[in-house]
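To be precise, the following lines are structure-v6.cif, and they hold mmCIF, C-alpha atoms, pLDDT in the B column; chains and numbers go by the auth columns.
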data_upload
#
loop_
_atom_site.group_PDB
_atom_site.id
_atom_site.type_symbol
_atom_site.label_atom_id
_atom_site.label_comp_id
_atom_site.label_asym_id
_atom_site.label_seq_id
_atom_site.Cartn_x
_atom_site.Cartn_y
_atom_site.Cartn_z
_atom_site.B_iso_or_equiv
_atom_site.auth_seq_id
_atom_site.auth_asym_id
ATOM 1 C CA MET A 1 81.452 -164.647 -105.191 57.00 20 I
ATOM 2 C CA ASP A 2 80.381 -167.717 -103.225 59.00 21 I
ATOM 3 C CA ARG A 3 78.262 -167.692 -100.097 56.00 22 I
ATOM 4 C CA ILE A 4 81.202 -168.341 -97.778 69.00 23 I
ATOM 5 C CA THR A 5 83.029 -165.177 -98.817 84.00 24 I
ATOM 6 C CA LYS A 6 79.978 -162.921 -99.099 91.00 25 I
ATOM 7 C CA PRO A 7 79.315 -160.537 -96.233 94.00 26 I
ATOM 8 C CA ARG A 8 76.425 -161.745 -94.065 91.00 27 I
ATOM 9 C CA VAL A 9 73.636 -159.321 -93.308 93.00 28 I
ATOM 10 C CA VAL A 10 71.017 -159.923 -90.617 94.00 29 I
ATOM 11 C CA LYS A 11 68.058 -157.607 -91.089 95.00 30 I
ATOM 12 C CA ASP A 12 64.298 -157.351 -90.620 96.00 31 I
ATOM 13 C CA TYR A 13 62.211 -157.802 -93.785 96.00 32 I
ATOM 14 C CA ASP A 14 60.614 -154.359 -93.597 95.00 33 I
ATOM 15 C CA LYS A 15 64.045 -152.703 -93.376 96.00 34 I
ATOM 16 C CA LEU A 16 65.281 -154.251 -96.633 96.00 35 I
ATOM 17 C CA PRO A 17 65.365 -152.201 -99.851 94.00 36 I
ATOM 18 C CA THR A 18 62.343 -152.737 -102.106 93.00 37 I
ATOM 19 C CA ASP A 19 64.404 -154.401 -104.841 93.00 38 I
ATOM 20 C CA THR A 20 65.767 -156.923 -102.330 95.00 39 I
ATOM 21 C CA GLN A 21 62.235 -157.649 -101.091 95.00 40 I
ATOM 22 C CA THR A 22 61.196 -158.183 -104.707 94.00 41 I
ATOM 23 C CA GLN A 23 64.029 -160.664 -105.279 95.00 42 I
ATOM 24 C CA ILE A 24 63.043 -162.521 -102.118 96.00 43 I
ATOM 25 C CA LYS A 25 59.431 -162.774 -103.323 96.00 44 I
ATOM 26 C CA ILE A 26 60.652 -164.245 -106.603 95.00 45 I
ATOM 27 C CA GLN A 27 62.810 -166.811 -104.793 96.00 46 I
ATOM 28 C CA TYR A 28 59.993 -167.717 -102.389 97.00 47 I
ATOM 29 C CA PRO A 29 56.758 -167.499 -104.440 95.00 48 I
ATOM 30 C CA PHE A 30 54.878 -169.796 -102.042 95.00 49 I
ATOM 31 C CA GLY A 31 55.666 -167.846 -98.882 95.00 50 I
ATOM 32 C CA PHE A 32 58.416 -167.762 -96.326 97.00 51 I
ATOM 33 C CA ALA A 33 57.295 -169.824 -93.315 96.00 52 I
ATOM 34 C CA ASP A 34 58.374 -173.239 -94.643 96.00 53 I
ATOM 35 C CA ASN A 35 61.845 -171.923 -95.505 97.00 54 I
ATOM 36 C CA LEU A 36 62.883 -170.445 -92.161 98.00 55 I
ATOM 37 C CA VAL A 37 66.091 -171.545 -90.484 97.00 56 I
ATOM 38 C CA THR A 38 67.163 -171.101 -86.883 97.00 57 I
ATOM 39 C CA TYR A 39 70.488 -169.955 -85.529 92.00 58 I
ATOM 40 C CA THR A 40 71.954 -168.747 -82.240 94.00 59 I
ATOM 41 C CA ASN A 41 72.752 -165.039 -82.221 89.00 60 I
ATOM 42 C CA SER A 42 75.630 -163.325 -80.389 91.00 61 I
ATOM 43 C CA LYS A 43 73.486 -163.056 -77.235 94.00 62 I
ATOM 44 C CA GLY A 44 72.921 -166.811 -77.169 95.00 63 I
ATOM 45 C CA GLU A 45 69.271 -166.478 -78.256 95.00 64 I
ATOM 46 C CA ILE A 46 67.727 -168.805 -80.814 95.00 65 I
ATOM 47 C CA VAL A 47 66.482 -166.726 -83.727 95.00 66 I
ATOM 48 C CA SER A 48 64.586 -167.709 -86.870 97.00 67 I
ATOM 49 C CA ALA A 49 65.312 -166.149 -90.232 97.00 68 I
ATOM 50 C CA LEU A 50 64.766 -166.541 -93.943 98.00 69 I
ATOM 51 C CA PRO A 51 68.012 -167.195 -95.835 97.00 70 I
ATOM 52 C CA PHE A 52 68.464 -165.243 -99.042 97.00 71 I
ATOM 53 C CA GLU A 53 71.535 -165.058 -101.231 95.00 72 I
ATOM 54 C CA ALA A 54 71.862 -161.905 -103.321 93.00 73 I
ATOM 55 C CA GLU A 55 74.641 -161.000 -105.714 90.00 74 I
ATOM 56 C CA GLU A 56 76.817 -159.282 -103.108 91.00 75 I
ATOM 57 C CA TYR A 57 75.365 -160.341 -99.730 93.00 76 I
ATOM 58 C CA TYR A 58 74.060 -163.377 -97.911 95.00 77 I
ATOM 59 C CA TYR A 59 70.986 -162.282 -95.954 96.00 78 I
ATOM 60 C CA LEU A 60 69.364 -163.781 -92.916 95.00 79 I
ATOM 61 C CA VAL A 61 66.033 -161.980 -92.820 97.00 80 I
ATOM 62 C CA ARG A 62 64.794 -162.083 -89.227 96.00 81 I
ATOM 63 C CA MET A 63 61.214 -163.255 -88.786 97.00 82 I
ATOM 64 C CA THR A 64 59.223 -165.698 -86.738 97.00 83 I
ATOM 65 C CA ARG A 65 56.898 -168.207 -88.342 97.00 84 I
ATOM 66 C CA ASP A 66 53.908 -166.041 -87.367 97.00 85 I
ATOM 67 C CA GLU A 67 55.580 -162.935 -88.839 97.00 86 I
ATOM 68 C CA ALA A 68 56.277 -164.858 -92.056 97.00 87 I
ATOM 69 C CA TYR A 69 52.576 -165.695 -92.405 96.00 88 I
ATOM 70 C CA GLU A 70 51.584 -162.115 -91.517 97.00 89 I
ATOM 71 C CA ILE A 71 53.952 -160.576 -94.095 96.00 90 I
ATOM 72 C CA ILE A 72 52.454 -162.728 -96.867 96.00 91 I
ATOM 73 C CA GLU A 73 48.888 -162.139 -95.680 95.00 92 I
ATOM 74 C CA ASN A 74 49.340 -158.354 -95.746 95.00 93 I
ATOM 75 C CA ASP A 75 51.241 -158.252 -99.050 94.00 94 I
ATOM 76 C CA ASP A 76 49.075 -157.498 -102.093 92.00 95 I
ATOM 77 C CA ASP A 77 51.576 -159.312 -104.319 93.00 96 I
ATOM 78 C CA TYR A 78 50.400 -162.623 -102.822 93.00 97 I
ATOM 79 C CA ASP A 79 46.947 -164.103 -103.349 93.00 98 I
ATOM 80 C CA ASP A 80 44.618 -165.428 -100.642 90.00 99 I
ATOM 81 C CA ASP A 81 46.359 -168.822 -100.769 91.00 100 I
ATOM 82 C CA GLY A 82 49.761 -167.258 -100.006 91.00 101 I
ATOM 83 C CA THR A 83 51.102 -167.700 -103.540 93.00 102 I
ATOM 84 C CA LEU A 84 52.818 -164.940 -105.492 93.00 103 I
ATOM 85 C CA ARG A 85 50.298 -163.563 -107.980 91.00 104 I
ATOM 86 C CA ASP A 86 50.807 -164.244 -111.689 87.00 105 I
ATOM 87 C CA ASP A 87 50.542 -160.523 -112.437 84.00 106 I
ATOM 88 C CA PHE A 88 53.260 -159.641 -109.913 81.00 107 I
ATOM 89 C CA VAL A 89 55.178 -156.575 -111.051 67.00 108 I
ATOM 90 C CA MET A 90 58.883 -156.982 -110.460 61.00 109 I
ATOM 91 C CA GLU A 91 59.631 -153.480 -109.216 51.00 110 I
ATOM 92 C CA GLY A 92 63.129 -152.391 -110.048 46.00 111 I
ATOM 93 C CA LEU A 93 63.738 -155.516 -112.100 49.00 112 I
ATOM 94 C CA GLU A 94 61.858 -154.637 -115.284 47.00 113 I
ATOM 95 C CA GLU A 95 63.858 -154.502 -118.468 44.00 114 I
ATOM 96 C CA THR A 96 63.850 -151.194 -120.246 39.00 115 I
ATOM 97 C CA ASP A 97 64.499 -150.655 -123.927 41.00 116 I
ATOM 98 C CA ASP A 98 67.977 -149.461 -122.967 42.00 117 I
ATOM 99 C CA ASP A 99 68.757 -152.846 -121.378 41.00 118 I
ATOM 100 C CA VAL A 100 67.792 -154.880 -124.441 39.00 119 I
ATOM 101 C CA ASP A 101 70.285 -155.465 -127.225 42.00 120 I
ATOM 102 C CA GLU A 102 68.874 -154.995 -130.697 44.00 121 I
ATOM 103 C CA ILE A 103 68.872 -158.180 -132.753 44.00 122 I
ATOM 104 C CA GLU A 104 68.518 -157.791 -136.476 47.00 123 I
ATOM 105 C CA ASP A 105 65.817 -159.979 -137.989 45.00 124 I
ATOM 106 C CA VAL A 106 67.377 -161.831 -140.921 47.00 125 I
ATOM 107 C CA ALA A 107 65.405 -164.114 -143.207 49.00 126 I
ATOM 108 C CA ASP A 108 66.496 -167.746 -143.170 50.00 127 I
ATOM 109 C CA GLU A 109 68.351 -168.886 -146.250 51.00 128 I
ATOM 110 C CA GLU A 110 67.114 -172.090 -147.812 51.00 129 I
ATOM 111 C CA SER A 111 69.619 -174.910 -147.947 47.00 130 I
ATOM 112 C CA GLU A 112 70.293 -176.664 -151.265 50.00 131 I
ATOM 113 C CA GLU A 113 68.280 -179.692 -150.101 50.00 132 I
ATOM 114 C CA GLU A 114 65.228 -177.562 -149.398 47.00 133 I
ATOM 115 C CA GLU A 115 65.539 -175.866 -152.774 49.00 134 I
ATOM 116 C CA ASP A 116 65.705 -179.297 -154.466 52.00 135 I
ATOM 117 C CA GLU A 117 62.587 -180.499 -152.628 48.00 136 I
ATOM 118 C CA ASP A 118 60.637 -177.558 -154.040 50.00 137 I
ATOM 119 C CA ASP A 119 61.437 -178.693 -157.595 50.00 138 I
ATOM 120 C CA TYR A 120 59.499 -181.962 -157.297 47.00 139 I
#
Entire entry expressed as structure tokens:
Amino acid sequence: MDRITKPRVVKDYDKLPTDTQTQIKIQYPFGFADNLVTYTNSKGEIVSALPFEAEEYYYLVRMTRDEAYEIIENDDDYDDDGTLRDDFVMEGLEETDDDVDEIEDVADEESEEEEDEDDY
């Protein structure tokens, strides 16, 4: 589904489901402030928001530049420099053993050329 046909959702960051917040953090590992866009809402007010495209929705996550900095500053998943930590746990996105297909480990067969090289 492309962005044009996806339903648009305008929502505050703290009202988003945790898994959506996690996906946003992954898409914006260096913070949100530099990625904000502005638009005019139905009341004619200029609003800033963070665009985020999920599988089924296109989000505009309402926040000001100051709120964007504050969210990152208060989020333990980001370090003091405002960068997503290397040990960030992707809540709700971890693979479980049930999600992983078993792949049988099969020894490589030597080609005839390799077998001939061993004879020298």
Query raised in the report: How far is it from CA of Asn60 (chain I) to CA of Asp94 (chain I), in Å with one decimal?
Result: 28.1 Å
**Report entry** Hits of the PyMOL selection byres ((chain I and resi 45) around 12) in this structure, as a VMD selection string
**Finding:** chain I and resid 38 to 44 46 to 51 71 73 96 to 97 102 to 105 107 to 110 112
Report task. Pick out the closest residue to Asp31 (chain I) from this set: I:Ala52, I:Ala68, I:Val80, I:Gly63. Count all atoms listed in the file. Result ->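 Under the stated criterion, the closest residue is I:Val80.
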Report task. Can you work out the spacing between CA of Pro26 (chain I) and CA of Glu75 (chain I) in Å, to one decimal? Result -> 7.4 Å
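By all atoms listed in the file, and with residues fewer than 3 positions from Lys30 (chain I) along its chain excluded, the set lying at most 12 Å from it is Arg27, Asp33, Lys34, Leu35, Pro36, Thr39, Gln40, Val66, Ser67, Ala68, Leu69, Pro70, Phe71, Tyr76, Tyr77, Tyr78, Leu79, Val80, Arg81 and Met82 of chain I.
Reported to one decimal place, the separation of CA of Lys25 (chain I) from CA of Tyr58 (chain I) is 18.0 Å.
With only C-alpha atoms as the atoms that count, the minimum distance from Asp85 (chain I) to the choices I:Asp106, I:Asp99, I:Leu55, I:Glu64 is reached by I:Leu55.
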